[in-house]
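Undergrad: Sharing query-v2.txt (compact mmCIF, C-alpha atoms and all ligand atoms) below.
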```
# COMPACT_ATOMS: atom_id res chain seq x y z
CA MET A 1 -21.60 -2.86 -16.15
CA ASN A 2 -22.08 -4.04 -12.59
CA TYR A 3 -21.75 -7.11 -10.44
CA PHE A 4 -25.38 -7.80 -9.57
CA ASP A 5 -26.21 -11.03 -11.40
CA TYR A 6 -28.08 -14.28 -11.10
CA ARG A 7 -26.05 -17.28 -10.07
CA GLY A 8 -27.88 -20.57 -9.79
CA GLY A 9 -31.18 -18.74 -10.09
CA ARG A 10 -30.60 -16.38 -7.17
CA LEU A 11 -29.58 -12.74 -7.35
CA HIS A 12 -26.06 -12.11 -6.10
CA ALA A 13 -24.01 -9.04 -5.37
CA GLU A 14 -20.58 -10.26 -6.51
CA GLY A 15 -20.16 -13.56 -4.61
CA VAL A 16 -22.86 -12.98 -2.01
CA PRO A 17 -26.53 -14.01 -2.39
CA LEU A 18 -28.85 -11.08 -1.70
CA ALA A 19 -31.04 -13.49 0.25
CA THR A 20 -28.18 -14.03 2.70
CA ILE A 21 -27.87 -10.30 3.28
CA ALA A 22 -31.64 -9.95 3.66
CA ALA A 23 -31.71 -12.78 6.22
CA GLU A 24 -28.92 -11.24 8.25
CA VAL A 25 -29.57 -7.52 7.91
CA GLY A 26 -33.25 -7.38 7.02
CA THR A 27 -34.95 -5.23 4.42
CA PRO A 28 -35.08 -2.56 3.17
CA ALA A 29 -31.33 -2.21 2.72
CA TYR A 30 -28.96 -0.62 0.28
CA VAL A 31 -26.33 -3.02 -1.03
CA TYR A 32 -23.17 -1.68 -2.66
CA SER A 33 -20.64 -3.58 -4.74
CA ALA A 34 -17.02 -2.59 -4.13
CA ALA A 35 -15.91 -4.28 -7.37
CA THR A 36 -18.36 -2.15 -9.34
CA LEU A 37 -17.13 1.04 -7.68
CA ARG A 38 -13.55 0.12 -8.51
CA ARG A 39 -14.43 -0.81 -12.04
CA HIS A 40 -16.23 2.46 -12.73
CA TYR A 41 -13.43 4.53 -11.27
CA LYS A 42 -10.86 2.67 -13.39
CA VAL A 43 -12.94 2.90 -16.57
CA PHE A 44 -13.26 6.65 -16.11
CA ALA A 45 -9.61 7.18 -15.19
CA GLY A 46 -8.50 4.88 -18.01
CA ALA A 47 -10.61 6.72 -20.58
CA LEU A 48 -9.08 10.06 -19.56
CA ALA A 49 -5.54 8.70 -19.54
CA SER A 50 -5.84 7.20 -22.99
CA ALA A 51 -7.58 10.18 -24.60
CA SER A 52 -5.21 12.71 -23.04
CA PRO A 53 -1.89 10.99 -22.37
CA GLY A 54 0.51 13.32 -20.64
CA VAL A 55 -2.26 15.50 -19.21
CA LYS A 56 -2.47 15.44 -15.42
CA HIS A 57 -5.89 14.41 -14.10
CA LEU A 58 -7.40 14.44 -10.67
CA ILE A 59 -10.67 12.62 -10.13
CA CYS A 60 -12.52 14.16 -7.20
CA TYR A 61 -15.41 11.78 -6.57
CA SER A 62 -18.50 13.85 -5.82
CA LEU A 63 -19.47 12.80 -2.33
CA LYS A 64 -23.04 13.98 -2.66
CA ALA A 65 -23.81 10.90 -4.77
CA ASN A 66 -22.99 8.51 -1.95
CA SER A 67 -20.99 9.63 1.04
CA ASN A 68 -20.87 6.41 3.00
CA GLN A 69 -17.33 6.25 4.33
CA ALA A 70 -16.84 2.69 3.12
CA VAL A 71 -17.65 3.86 -0.41
CA ILE A 72 -15.28 6.80 -0.09
CA ARG A 73 -12.55 4.51 1.27
CA VAL A 74 -12.78 2.15 -1.70
CA LEU A 75 -12.25 5.12 -4.00
CA ALA A 76 -9.61 6.76 -1.81
CA ASP A 77 -7.60 3.55 -2.06
CA LEU A 78 -7.58 4.00 -5.85
CA GLY A 79 -6.23 7.52 -5.49
CA SER A 80 -9.49 9.42 -5.77
CA GLY A 81 -9.94 12.89 -4.38
CA ALA A 82 -13.26 14.36 -3.31
CA ASP A 83 -15.68 17.06 -4.35
CA VAL A 84 -17.45 18.29 -1.22
CA VAL A 85 -20.22 20.82 -0.66
CA SER A 86 -20.52 21.08 3.10
CA LEU A 87 -18.56 20.83 6.32
CA GLY A 88 -20.13 17.41 6.80
CA GLU A 89 -18.87 16.14 3.46
CA LEU A 90 -15.44 17.66 4.11
CA ARG A 91 -15.25 15.81 7.42
CA ARG A 92 -16.38 12.57 5.83
CA ALA A 93 -13.80 12.84 3.06
CA LEU A 94 -11.01 13.45 5.55
CA ALA A 95 -12.27 10.73 7.91
CA ALA A 96 -12.33 8.21 5.06
CA GLY A 97 -8.71 8.97 4.24
CA ILE A 98 -8.80 11.48 1.39
CA PRO A 99 -5.97 13.97 1.84
CA GLY A 100 -6.90 17.66 1.95
CA GLY A 101 -4.77 18.31 -1.10
CA LYS A 102 -7.16 16.22 -3.19
CA ILE A 103 -10.35 17.93 -2.04
CA VAL A 104 -12.26 20.60 -3.95
CA PHE A 105 -15.04 22.54 -2.25
CA SER A 106 -18.08 23.39 -4.40
CA GLY A 107 -21.46 24.97 -3.67
CA VAL A 108 -23.15 28.37 -3.71
CA GLY A 109 -23.47 28.84 0.05
CA LYS A 110 -20.18 28.09 1.76
CA THR A 111 -20.10 29.67 5.21
CA ALA A 112 -17.12 31.22 6.98
CA PRO A 113 -16.76 28.26 9.41
CA GLU A 114 -16.80 25.85 6.45
CA MET A 115 -14.12 27.90 4.71
CA ARG A 116 -11.99 27.95 7.84
CA ALA A 117 -12.19 24.16 8.21
CA ALA A 118 -11.33 23.68 4.55
CA LEU A 119 -8.34 26.02 4.80
CA GLU A 120 -7.15 24.19 7.92
CA ALA A 121 -7.38 20.94 5.95
CA GLY A 122 -5.29 22.46 3.15
CA ILE A 123 -7.78 21.71 0.40
CA ARG A 124 -6.83 21.83 -3.27
CA GLN A 125 -9.23 24.60 -4.25
CA PHE A 126 -12.43 26.46 -3.54
CA ASN A 127 -14.81 26.57 -6.47
CA VAL A 128 -16.18 30.04 -5.79
CA GLU A 129 -19.62 30.89 -7.12
CA SER A 130 -20.10 34.60 -6.37
CA GLU A 131 -18.39 37.83 -5.46
CA PRO A 132 -19.80 38.00 -1.91
CA GLU A 133 -18.49 34.48 -1.36
CA LEU A 134 -15.03 35.54 -2.52
CA GLU A 135 -15.04 38.47 -0.12
CA VAL A 136 -15.83 36.23 2.84
CA LEU A 137 -13.20 33.71 1.74
CA ALA A 138 -10.60 36.47 1.40
CA ALA A 139 -11.42 37.70 4.91
CA VAL A 140 -11.27 34.22 6.43
CA ALA A 141 -8.01 33.30 4.69
CA GLY A 142 -6.52 36.71 5.59
CA SER A 143 -7.40 36.23 9.25
CA MET A 144 -5.58 32.90 9.18
CA GLY A 145 -2.55 34.36 7.40
CA LEU A 146 -3.21 32.09 4.41
CA ARG A 147 -3.92 32.42 0.70
CA ALA A 148 -7.00 30.56 -0.44
CA PRO A 149 -6.64 28.68 -3.77
CA VAL A 150 -9.58 29.71 -5.95
CA ALA A 151 -11.25 28.72 -9.19
CA PHE A 152 -14.44 30.52 -10.13
CA ARG A 153 -17.27 28.33 -11.28
CA VAL A 154 -18.47 29.95 -14.46
CA ASN A 155 -22.01 29.64 -15.72
CA PRO A 156 -21.63 29.11 -19.47
CA ASP A 157 -25.37 29.41 -20.20
CA VAL A 158 -25.49 26.02 -21.90
CA ASP A 159 -28.56 23.82 -21.83
CA ALA A 160 -27.52 20.45 -20.39
CA GLU A 161 -30.60 18.78 -21.95
CA THR A 162 -31.35 16.89 -18.78
CA HIS A 163 -34.12 16.99 -16.16
CA ALA A 164 -34.83 20.63 -15.19
CA LYS A 165 -34.23 19.91 -11.50
CA ILE A 166 -30.64 18.78 -12.15
CA SER A 167 -29.68 21.26 -14.83
CA THR A 168 -27.25 23.88 -13.52
CA GLY A 169 -25.51 25.61 -16.43
CA LYS A 170 -28.20 28.01 -17.69
CA LYS A 171 -28.08 31.65 -16.71
CA GLU A 172 -31.41 31.35 -14.89
CA ASN A 173 -29.82 28.78 -12.54
CA LYS A 174 -28.31 29.95 -9.26
CA PHE A 175 -24.91 28.43 -10.04
CA GLY A 176 -21.64 30.02 -11.06
CA VAL A 177 -20.64 33.52 -12.06
CA PRO A 178 -21.96 34.89 -15.36
CA PHE A 179 -19.68 33.92 -18.23
CA GLU A 180 -19.76 37.43 -19.70
CA ARG A 181 -18.48 38.96 -16.46
CA ALA A 182 -15.87 36.30 -15.70
CA ARG A 183 -12.82 38.31 -16.83
CA GLU A 184 -13.86 41.30 -14.80
CA ILE A 185 -14.47 39.13 -11.74
CA TYR A 186 -11.09 37.40 -12.05
CA ARG A 187 -9.39 40.80 -12.39
CA TRP A 188 -11.12 42.01 -9.23
CA ALA A 189 -10.42 38.76 -7.33
CA ALA A 190 -6.71 38.97 -8.15
CA THR A 191 -6.47 42.23 -6.20
CA HIS A 192 -7.12 40.33 -2.94
CA PRO A 193 -3.77 39.41 -1.36
CA SER A 194 -5.23 36.41 0.47
CA ILE A 195 -6.64 34.88 -2.73
CA GLU A 196 -4.60 32.80 -5.13
CA ILE A 197 -6.25 32.30 -8.52
CA VAL A 198 -5.51 28.76 -9.68
CA GLY A 199 -8.11 27.79 -12.22
CA VAL A 200 -11.54 27.75 -13.80
CA ASP A 201 -14.45 25.48 -12.89
CA VAL A 202 -17.65 24.49 -14.65
CA HIS A 203 -20.47 22.03 -13.96
CA ILE A 204 -23.57 22.21 -16.14
CA GLY A 205 -25.79 19.50 -14.74
CA SER A 206 -26.23 15.86 -13.94
CA GLN A 207 -27.30 12.74 -15.86
CA LEU A 208 -26.27 14.16 -19.23
CA THR A 209 -26.81 11.53 -21.88
CA ASN A 210 -25.86 13.79 -24.77
CA LEU A 211 -22.25 14.96 -24.96
CA THR A 212 -22.90 18.06 -27.04
CA PRO A 213 -23.68 20.31 -24.06
CA PHE A 214 -20.37 19.26 -22.47
CA GLU A 215 -18.58 20.08 -25.70
CA ARG A 216 -20.18 23.55 -25.84
CA ALA A 217 -19.43 24.31 -22.19
CA PHE A 218 -15.84 23.02 -22.27
CA ALA A 219 -15.10 24.95 -25.46
CA LYS A 220 -16.28 28.13 -23.73
CA VAL A 221 -14.05 27.32 -20.76
CA ALA A 222 -11.04 26.89 -23.07
CA GLU A 223 -11.78 30.25 -24.63
CA LEU A 224 -11.95 31.80 -21.16
CA VAL A 225 -8.65 30.22 -20.06
CA HIS A 226 -6.91 31.87 -23.03
CA ALA A 227 -8.52 35.23 -22.22
CA LEU A 228 -7.60 34.98 -18.54
CA ARG A 229 -4.01 34.16 -19.40
CA ASP A 230 -3.95 37.18 -21.70
CA ASP A 231 -5.09 39.15 -18.68
CA GLY A 232 -2.08 37.89 -16.75
CA HIS A 233 -3.61 35.17 -14.57
CA ALA A 234 -1.67 31.96 -14.05
CA ILE A 235 -4.43 29.43 -14.80
CA ARG A 236 -3.07 25.99 -14.04
CA SER A 237 -6.16 23.86 -13.54
CA VAL A 238 -9.53 23.36 -15.14
CA ASP A 239 -12.26 21.62 -13.17
CA LEU A 240 -14.89 20.17 -15.50
CA GLY A 241 -17.38 19.11 -12.81
CA GLY A 242 -19.36 15.88 -13.07
CA GLY A 243 -22.56 15.06 -14.84
CA LEU A 244 -21.83 12.13 -17.11
CA GLY A 245 -25.07 10.17 -17.48
CA ILE A 246 -25.53 6.45 -16.89
CA PRO A 247 -28.08 3.92 -18.18
CA TYR A 248 -31.04 3.60 -15.80
CA GLU A 249 -33.12 1.56 -18.19
CA ARG A 250 -31.79 -1.56 -19.82
CA ASN A 251 -30.62 -0.92 -23.36
CA ALA A 252 -30.95 2.84 -22.92
CA PRO A 253 -28.36 4.74 -24.95
CA TRP A 254 -25.71 6.38 -22.82
CA PRO A 255 -22.44 8.09 -23.50
CA HIS A 256 -19.36 5.98 -22.96
CA PRO A 257 -16.58 7.51 -20.84
CA ASP A 258 -14.28 7.09 -23.87
CA ALA A 259 -16.48 9.44 -25.89
CA TYR A 260 -16.62 11.90 -22.99
CA ALA A 261 -12.83 11.75 -22.68
CA GLY A 262 -12.62 12.49 -26.42
CA VAL A 263 -14.69 15.65 -25.89
CA VAL A 264 -12.41 16.64 -23.02
CA GLN A 265 -9.29 16.17 -25.12
CA ARG A 266 -10.70 18.10 -28.09
CA THR A 267 -11.79 21.07 -26.01
CA VAL A 268 -9.39 21.51 -23.08
CA GLY A 269 -6.74 18.84 -23.63
CA ASN A 270 -4.12 21.21 -25.02
CA LEU A 271 -4.33 24.04 -22.50
CA GLY A 272 -1.43 22.73 -20.45
CA CYS A 273 -3.73 22.62 -17.42
CA GLU A 274 -4.24 19.91 -14.88
CA LEU A 275 -7.80 18.61 -15.36
CA ILE A 276 -10.08 17.97 -12.39
CA PHE A 277 -13.27 15.90 -12.63
CA GLU A 278 -16.11 15.54 -10.16
CA PRO A 279 -18.00 12.40 -11.21
CA GLY A 280 -20.59 11.11 -8.78
CA ARG A 281 -23.31 9.12 -10.46
CA MET A 282 -21.10 7.40 -13.02
CA ILE A 283 -18.96 5.98 -10.22
CA ALA A 284 -21.62 5.02 -7.68
CA GLY A 285 -24.93 4.74 -9.54
CA ASN A 286 -24.75 1.20 -10.85
CA ALA A 287 -22.74 0.08 -7.83
CA GLY A 288 -25.78 -0.09 -5.59
CA VAL A 289 -29.25 -1.56 -5.32
CA LEU A 290 -32.09 -0.95 -2.91
CA MET A 291 -33.39 -4.27 -1.65
CA ALA A 292 -36.99 -4.49 -0.45
CA SER A 293 -39.49 -7.15 0.56
CA VAL A 294 -43.05 -7.52 -0.57
CA ILE A 295 -45.46 -6.84 2.30
CA TYR A 296 -48.73 -7.33 0.44
CA VAL A 297 -50.01 -8.02 -3.02
CA LYS A 298 -53.14 -5.94 -3.34
CA GLN A 299 -55.67 -6.16 -6.12
CA GLY A 300 -57.19 -2.71 -6.69
CA GLN A 301 -60.19 -1.90 -8.83
CA ASP A 302 -58.25 -2.31 -12.02
CA ARG A 303 -54.59 -2.32 -11.02
CA LYS A 304 -52.44 -4.66 -9.04
CA PHE A 305 -50.27 -3.07 -6.35
CA ILE A 306 -47.17 -4.70 -4.95
CA ILE A 307 -46.70 -3.04 -1.58
CA LEU A 308 -43.06 -3.05 -0.51
CA ASP A 309 -41.33 -2.32 2.77
CA ALA A 310 -39.19 0.35 1.05
CA ALA A 311 -40.73 3.70 0.24
CA MET A 312 -40.18 7.15 -1.20
CA ASN A 313 -38.36 8.21 1.96
CA ASP A 314 -35.71 5.55 1.20
CA LEU A 315 -35.38 6.32 -2.53
CA ILE A 316 -36.87 9.65 -3.54
CA ARG A 317 -35.74 9.68 -7.18
CA PRO A 318 -38.91 8.23 -8.77
CA ALA A 319 -41.13 10.71 -6.91
CA MET A 320 -38.78 13.66 -7.35
CA TYR A 321 -37.47 13.28 -10.89
CA ASP A 322 -39.90 10.73 -12.39
CA ALA A 323 -36.85 8.48 -12.46
CA ARG A 324 -37.25 4.84 -13.36
CA HIS A 325 -35.15 2.25 -11.58
CA GLU A 326 -35.25 -1.21 -13.11
CA VAL A 327 -36.42 -4.02 -10.86
CA MET A 328 -34.83 -7.41 -10.39
CA THR A 329 -36.49 -10.13 -8.40
CA GLU A 330 -34.26 -12.02 -6.01
CA ARG A 331 -35.32 -15.30 -7.61
CA GLU A 332 -34.51 -15.45 -11.28
CA PRO A 333 -37.76 -15.62 -13.23
CA ALA A 334 -38.32 -19.02 -14.81
CA PRO A 335 -38.06 -18.90 -18.62
CA ASP A 336 -41.76 -19.70 -18.87
CA SER A 337 -42.97 -17.39 -16.10
CA ALA A 338 -45.90 -15.23 -17.06
CA PHE A 339 -44.99 -11.62 -16.36
CA GLU A 340 -47.72 -9.30 -15.22
CA LYS A 341 -48.07 -5.54 -15.06
CA VAL A 342 -48.09 -4.14 -11.54
CA ASP A 343 -47.47 -0.91 -9.68
CA LEU A 344 -44.60 -1.16 -7.21
CA VAL A 345 -45.40 1.10 -4.28
CA GLY A 346 -44.28 1.81 -0.74
CA PRO A 347 -46.25 2.13 2.50
CA VAL A 348 -45.97 5.95 2.76
CA CYS A 349 -49.23 7.85 2.72
CA GLU A 350 -48.81 9.64 -0.59
CA SER A 351 -49.85 8.58 -4.06
CA GLY A 352 -46.42 9.71 -5.23
CA ASP A 353 -44.91 6.90 -3.17
CA MET A 354 -44.50 4.75 -6.23
CA PHE A 355 -41.30 3.17 -7.53
CA ALA A 356 -42.64 2.06 -10.86
CA ARG A 357 -45.98 2.11 -12.63
CA ASP A 358 -46.99 -0.64 -15.02
CA CYS A 359 -43.88 -2.59 -14.25
CA GLU A 360 -43.56 -6.07 -15.79
CA VAL A 361 -42.67 -8.55 -13.06
CA PRO A 362 -42.92 -12.29 -12.57
CA PRO A 363 -45.59 -13.35 -10.05
CA LEU A 364 -44.70 -11.98 -6.61
CA ALA A 365 -45.97 -12.98 -3.17
CA ALA A 366 -45.59 -11.56 0.32
CA GLY A 367 -42.05 -12.08 1.60
CA ASP A 368 -40.44 -12.09 -1.84
CA ILE A 369 -37.46 -9.83 -2.32
CA VAL A 370 -36.95 -7.34 -5.11
CA CYS A 371 -34.08 -4.98 -5.87
CA PHE A 372 -34.16 -1.58 -7.50
CA GLU A 373 -31.11 -1.18 -9.63
CA THR A 374 -28.89 1.86 -10.13
CA ALA A 375 -29.60 3.07 -6.60
CA GLY A 376 -25.99 3.54 -5.53
CA ALA A 377 -26.02 7.26 -6.33
CA TYR A 378 -28.51 9.73 -4.85
CA GLY A 379 -30.23 6.89 -3.01
CA ALA A 380 -29.34 6.56 0.68
CA VAL A 381 -27.93 10.09 0.77
CA MET A 382 -31.30 11.57 -0.15
CA SER A 383 -33.34 9.45 2.20
CA SER A 384 -35.36 10.83 5.08
CA THR A 385 -37.31 9.57 8.04
CA TYR A 386 -40.67 10.72 6.66
CA ASN A 387 -43.54 8.81 8.30
CA THR A 388 -41.06 8.11 11.14
CA ARG A 389 -39.40 5.40 9.12
CA PRO A 390 -35.83 4.84 10.32
CA LEU A 391 -33.01 5.20 7.78
CA VAL A 392 -32.32 1.80 6.25
CA ALA A 393 -29.18 -0.29 6.59
CA GLU A 394 -26.34 0.02 4.10
CA VAL A 395 -24.22 -2.99 3.24
CA MET A 396 -21.05 -3.33 1.21
CA VAL A 397 -20.11 -6.48 -0.65
CA ASP A 398 -16.52 -7.11 -1.68
CA GLY A 399 -15.99 -10.47 -3.37
CA ASP A 400 -17.36 -13.11 -1.04
CA ARG A 401 -17.45 -10.80 1.97
CA PHE A 402 -20.04 -8.37 3.11
CA ALA A 403 -20.35 -5.94 5.98
CA VAL A 404 -22.92 -3.54 7.29
CA VAL A 405 -21.44 -0.13 6.52
CA ARG A 406 -24.23 1.73 8.22
CA PRO A 407 -26.59 -0.01 10.61
CA ARG A 408 -30.32 0.45 10.29
CA GLU A 409 -31.31 3.50 12.31
CA ASP A 410 -32.69 2.59 15.68
CA LEU A 411 -36.31 3.64 16.11
CA GLU A 412 -35.92 4.38 19.81
CA SER A 413 -33.09 6.83 19.27
CA LEU A 414 -34.90 8.39 16.31
CA ILE A 415 -37.90 9.16 18.51
CA ALA A 416 -35.75 10.15 21.46
CA ARG A 417 -34.28 13.03 19.45
CA ASP A 418 -37.52 15.00 19.91
CA GLN A 419 -37.82 16.96 23.10
CA ILE A 420 -41.06 18.07 24.68
CA PRO A 421 -40.55 21.54 26.22
CA GLU A 422 -40.86 21.90 29.95
CA TRP A 423 -44.09 23.91 29.77
CA LEU A 424 -45.87 21.12 27.91
CA ARG A 425 -44.82 18.42 30.28
CA GLY A 426 -47.55 19.02 32.86
CA GLY A 427 -49.69 16.27 31.41
CA ALA A 428 -52.92 16.40 29.42
CA ALA A 429 -55.56 18.60 31.05
N1 LIG B 1 -20.08 18.62 -9.15
C1 LIG B 1 -21.04 19.49 -8.84
C2 LIG B 1 -20.69 20.89 -8.60
C3 LIG B 1 -22.37 19.05 -8.71
O1 LIG B 1 -23.32 19.92 -8.40
C4 LIG B 1 -22.68 17.68 -8.95
C5 LIG B 1 -24.05 17.19 -8.82
C6 LIG B 1 -21.63 16.81 -9.27
C7 LIG B 1 -20.34 17.31 -9.38
C8 LIG B 1 -21.84 15.35 -9.51
O2 LIG B 1 -22.65 15.14 -10.61
P1 LIG B 1 -22.87 13.66 -11.20
O3 LIG B 1 -21.56 13.20 -11.79
O4 LIG B 1 -23.29 12.79 -10.09
O5 LIG B 1 -23.92 13.84 -12.21
N2 LIG B 1 -30.14 14.21 -6.90
C9 LIG B 1 -30.08 14.23 -8.34
C10 LIG B 1 -28.72 14.63 -8.85
C11 LIG B 1 -28.23 15.95 -8.32
C12 LIG B 1 -26.86 16.33 -8.82
C13 LIG B 1 -26.37 17.55 -8.15
N3 LIG B 1 -25.04 17.94 -8.47
C14 LIG B 1 -30.52 12.87 -8.87
O6 LIG B 1 -30.86 12.00 -8.08
O7 LIG B 1 -30.56 12.67 -10.09
```
Written as structure tokens, that's how I'd like the structure from this file.
TA:
Amino acid sequence: MNYFDYRGGRLHAEGVPLATIAAEVGTPAYVYSAATLRRHYKVFAGALASASPGVKHLICYSLKANSNQAVIRVLADLGSGADVVSLGELRRALAAGIPGGKIVFSGVGKTAPEMRAALEAGIRQFNVESEPELEVLAAVAGSMGLRAPVAFRVNPDVDAETHAKISTGKKENKFGVPFERAREIYRWAATHPSIEIVGVDVHIGSQLTNLTPFERAFAKVAELVHALRDDGHAIRSVDLGGGLGIPYERNAPWPHPDAYAGVVQRTVGNLGCELIFEPGRMIAGNAGVLMASVIYVKQGQDRKFIILDAAMNDLIRPAMYDARHEVMTEREPAPDSAFEKVDLVGPVCESGDMFARDCEVPPLAAGDIVCFETAGAYGAVMSSTYNTRPLVAEVMVDGDRFAVVRPREDLESLIARDQIPEWLRGGAA
């Protein structure tokens, strides 16, 4: 469910015509809907509250999905915490108004300076992924005279049944500590005076459309919590990560948050633990579109190419994960319009720079605007300046208002970041 719809034949984001944004801000641009962000957060929170009444929940929105501060602020205002994986994300979360006490720090490669900053911010917990990481954290916390709150991320060796590049819970993946060794690792960790064991963490992958892998992983976590308590650890929180899948293609089956919340209740609902969640995609995915203009319509030997001003550097998901993002034209297709099969491509010099192959679209001409749906998560955050293409503008719509929440990158300053070393400055021979 989102708020990108046709009104009077023109595509709107909530109350604002996309054409108005395009005229003012230009294309390509990401457009986010605040109402959709709020709705998704509330649907998720509501599902958890009704499946597990009386169980404390903390939703830590996973910033990696979309870390624009306006997006974070919308969620912070609803009470969201943050899941961060770098000093940069930590700073963004704090700058957007998320209190340290609602921040969890994930990731396999936290550095000592990152740990120090997180401890200074008083974060809720570190999701520790290895023994060497724990040793560094213990040393950093000790040097600050603090105790670091720790949950180990366990690797339950469960197949998430999602794309291999975003599957994280199998033992061949780099994530988490081996499930079999978890008790031993907790026992060892508890001997460090500057470490406070607070919980257990798991995250098995992203874009899960089948709930069974969650059920398997969460059941293993519940088993572990009992074992750890038997070993004398005071386990008070369980962090279940993110990963809930969303529909990218119209009419695709997808798991409803209510069903996910049912799995949560069945597996870990009665542990007496506070439950932490790190949803990213299910909050932000359908809350954003990438808007692009047609540059050329090109007839190839036997295919028609619609060449857009957006490219793989702006939205890498199709090239990287073979992801399909549905397309909406800015003008609503007439009921009798003859759709044709085209390839929607960008101007970057790679054949992989393709948004959609054999896509059915109404007739398009140069200057027309199209939007790729479900681009609110892992869109702008994964963009690059490949081919020296400046990062695109990001816009937030909220009711009838809209604002640029990140201006289009300026080409001059992009180029000015390079520096020619002194010894090359003599001029061409
Ligand atoms: N927590 C942890 C520890 C994670 O690694 C992730 C995602 C999340 C939470 C949020 O997962 P979500 O609820 O968004 O599924 N770039 C890929 C997705 C990478 C996900 C990485 N980790 C894509 O575009 O599909």
Undergrad: Please identify all polymer residues within 7 Å of Thr374 in chain A, counting only C-alpha atoms, omitting same-chain residues fewer than 3 positions from it, and present them as an MDAnalysis selection string.
TA: chainID A and resid 248 285:289 325
Undergrad: Hey, which bits of chain A sit within 6 Å of ligand LIG 1 (chain B), and for each residue what's the closest pair of atoms and how far apart in Å (one decimal), counting only C-alpha atoms and all ligand atoms, rows by chain and increasing number, as a tab-separated table?
TA:
```
residue	atom	partner	partner_atom	distance
A:Ser62	CA	B:LIG1	C8	5.2
A:Ala65	CA	B:LIG1	O4	5.7
A:Ser106	CA	B:LIG1	C2	5.5
A:Ile166	CA	B:LIG1	C11	5.3
A:His203	CA	B:LIG1	C2	5.5
A:Ser206	CA	B:LIG1	O5	3.5
A:Gln207	CA	B:LIG1	O5	5.1
A:Gly241	CA	B:LIG1	N1	4.6
A:Gly242	CA	B:LIG1	O3	3.7
A:Gly243	CA	B:LIG1	O5	3.2
A:Leu244	CA	B:LIG1	O3	5.4
A:Glu278	CA	B:LIG1	C7	4.7
A:Pro279	CA	B:LIG1	O3	3.7
A:Gly280	CA	B:LIG1	O4	3.4
A:Arg281	CA	B:LIG1	O4	3.7
A:Met282	CA	B:LIG1	O3	5.9
A:Arg317	CA	B:LIG1	O6	5.5
A:Tyr378	CA	B:LIG1	O6	4.6
```
Undergrad: Would you kindly return, as an mmCIF file with C-alpha atoms, in the coordinates of the input, each protein, DNA or RNA residue with an atom no farther than 10 Å from any atom of Asp157 in chain A, considering all atoms listed in the file and excluding same-chain residues fewer than 5 positions away?
TA:
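Saved the output as part-v3.cif:
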```cif
data_model
loop_
_atom_site.group_PDB
_atom_site.id
_atom_site.type_symbol
_atom_site.label_atom_id
_atom_site.label_comp_id
_atom_site.auth_asym_id
_atom_site.auth_seq_id
_atom_site.Cartn_x
_atom_site.Cartn_y
_atom_site.Cartn_z
ATOM 1 C CA THR A 168 -27.250 23.880 -13.520
ATOM 2 C CA GLY A 169 -25.510 25.610 -16.430
ATOM 3 C CA LYS A 170 -28.200 28.010 -17.690
ATOM 4 C CA LYS A 171 -28.080 31.650 -16.710
ATOM 5 C CA GLU A 172 -31.410 31.350 -14.890
ATOM 6 C CA ASN A 173 -29.820 28.780 -12.540
ATOM 7 C CA GLY A 176 -21.640 30.020 -11.060
ATOM 8 C CA PRO A 178 -21.960 34.890 -15.360
ATOM 9 C CA PHE A 179 -19.680 33.920 -18.230
ATOM 10 C CA GLU A 180 -19.760 37.430 -19.700
ATOM 11 C CA ILE A 204 -23.570 22.210 -16.140
ATOM 12 C CA ARG A 216 -20.180 23.550 -25.840
ATOM 13 C CA ALA A 217 -19.430 24.310 -22.190
ATOM 14 C CA LYS A 220 -16.280 28.130 -23.730
#
```
Undergrad: Any idea what's packed within 10 Å of range 134-147 of chain A, counting only C-alpha atoms, ignoring anything in its chain fewer than 6 positions away? Could you give it as a ChimeraX atom specification?
TA: /A:110-116,119-120,122,126-128,185,189,192-197
Undergrad: Those residues you just picked out, can you put them in a file as a CSV table (one decimal), in the frame of the given file with C-alpha atoms?
TA:
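Written out: again_1.csv:
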```csv
chain,number,residue,atom,x,y,z
A,110,LYS,CA,-20.2,28.1,1.8
A,111,THR,CA,-20.1,29.7,5.2
A,112,ALA,CA,-17.1,31.2,7.0
A,113,PRO,CA,-16.8,28.3,9.4
A,114,GLU,CA,-16.8,25.8,6.4
A,115,MET,CA,-14.1,27.9,4.7
A,116,ARG,CA,-12.0,28.0,7.8
A,119,LEU,CA,-8.3,26.0,4.8
A,120,GLU,CA,-7.2,24.2,7.9
A,122,GLY,CA,-5.3,22.5,3.2
A,126,PHE,CA,-12.4,26.5,-3.5
A,127,ASN,CA,-14.8,26.6,-6.5
A,128,VAL,CA,-16.2,30.0,-5.8
A,185,ILE,CA,-14.5,39.1,-11.7
A,189,ALA,CA,-10.4,38.8,-7.3
A,192,HIS,CA,-7.1,40.3,-2.9
A,193,PRO,CA,-3.8,39.4,-1.4
A,194,SER,CA,-5.2,36.4,0.5
A,195,ILE,CA,-6.6,34.9,-2.7
A,196,GLU,CA,-4.6,32.8,-5.1
A,197,ILE,CA,-6.2,32.3,-8.5
```
Undergrad: So what do you get for CA of Glu129 in chain A versus CA of Ala190 in chain A, distance-wise?
TA: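 CA of Glu129 in chain A sits 15.3 Å away from CA of Ala190 in chain A.
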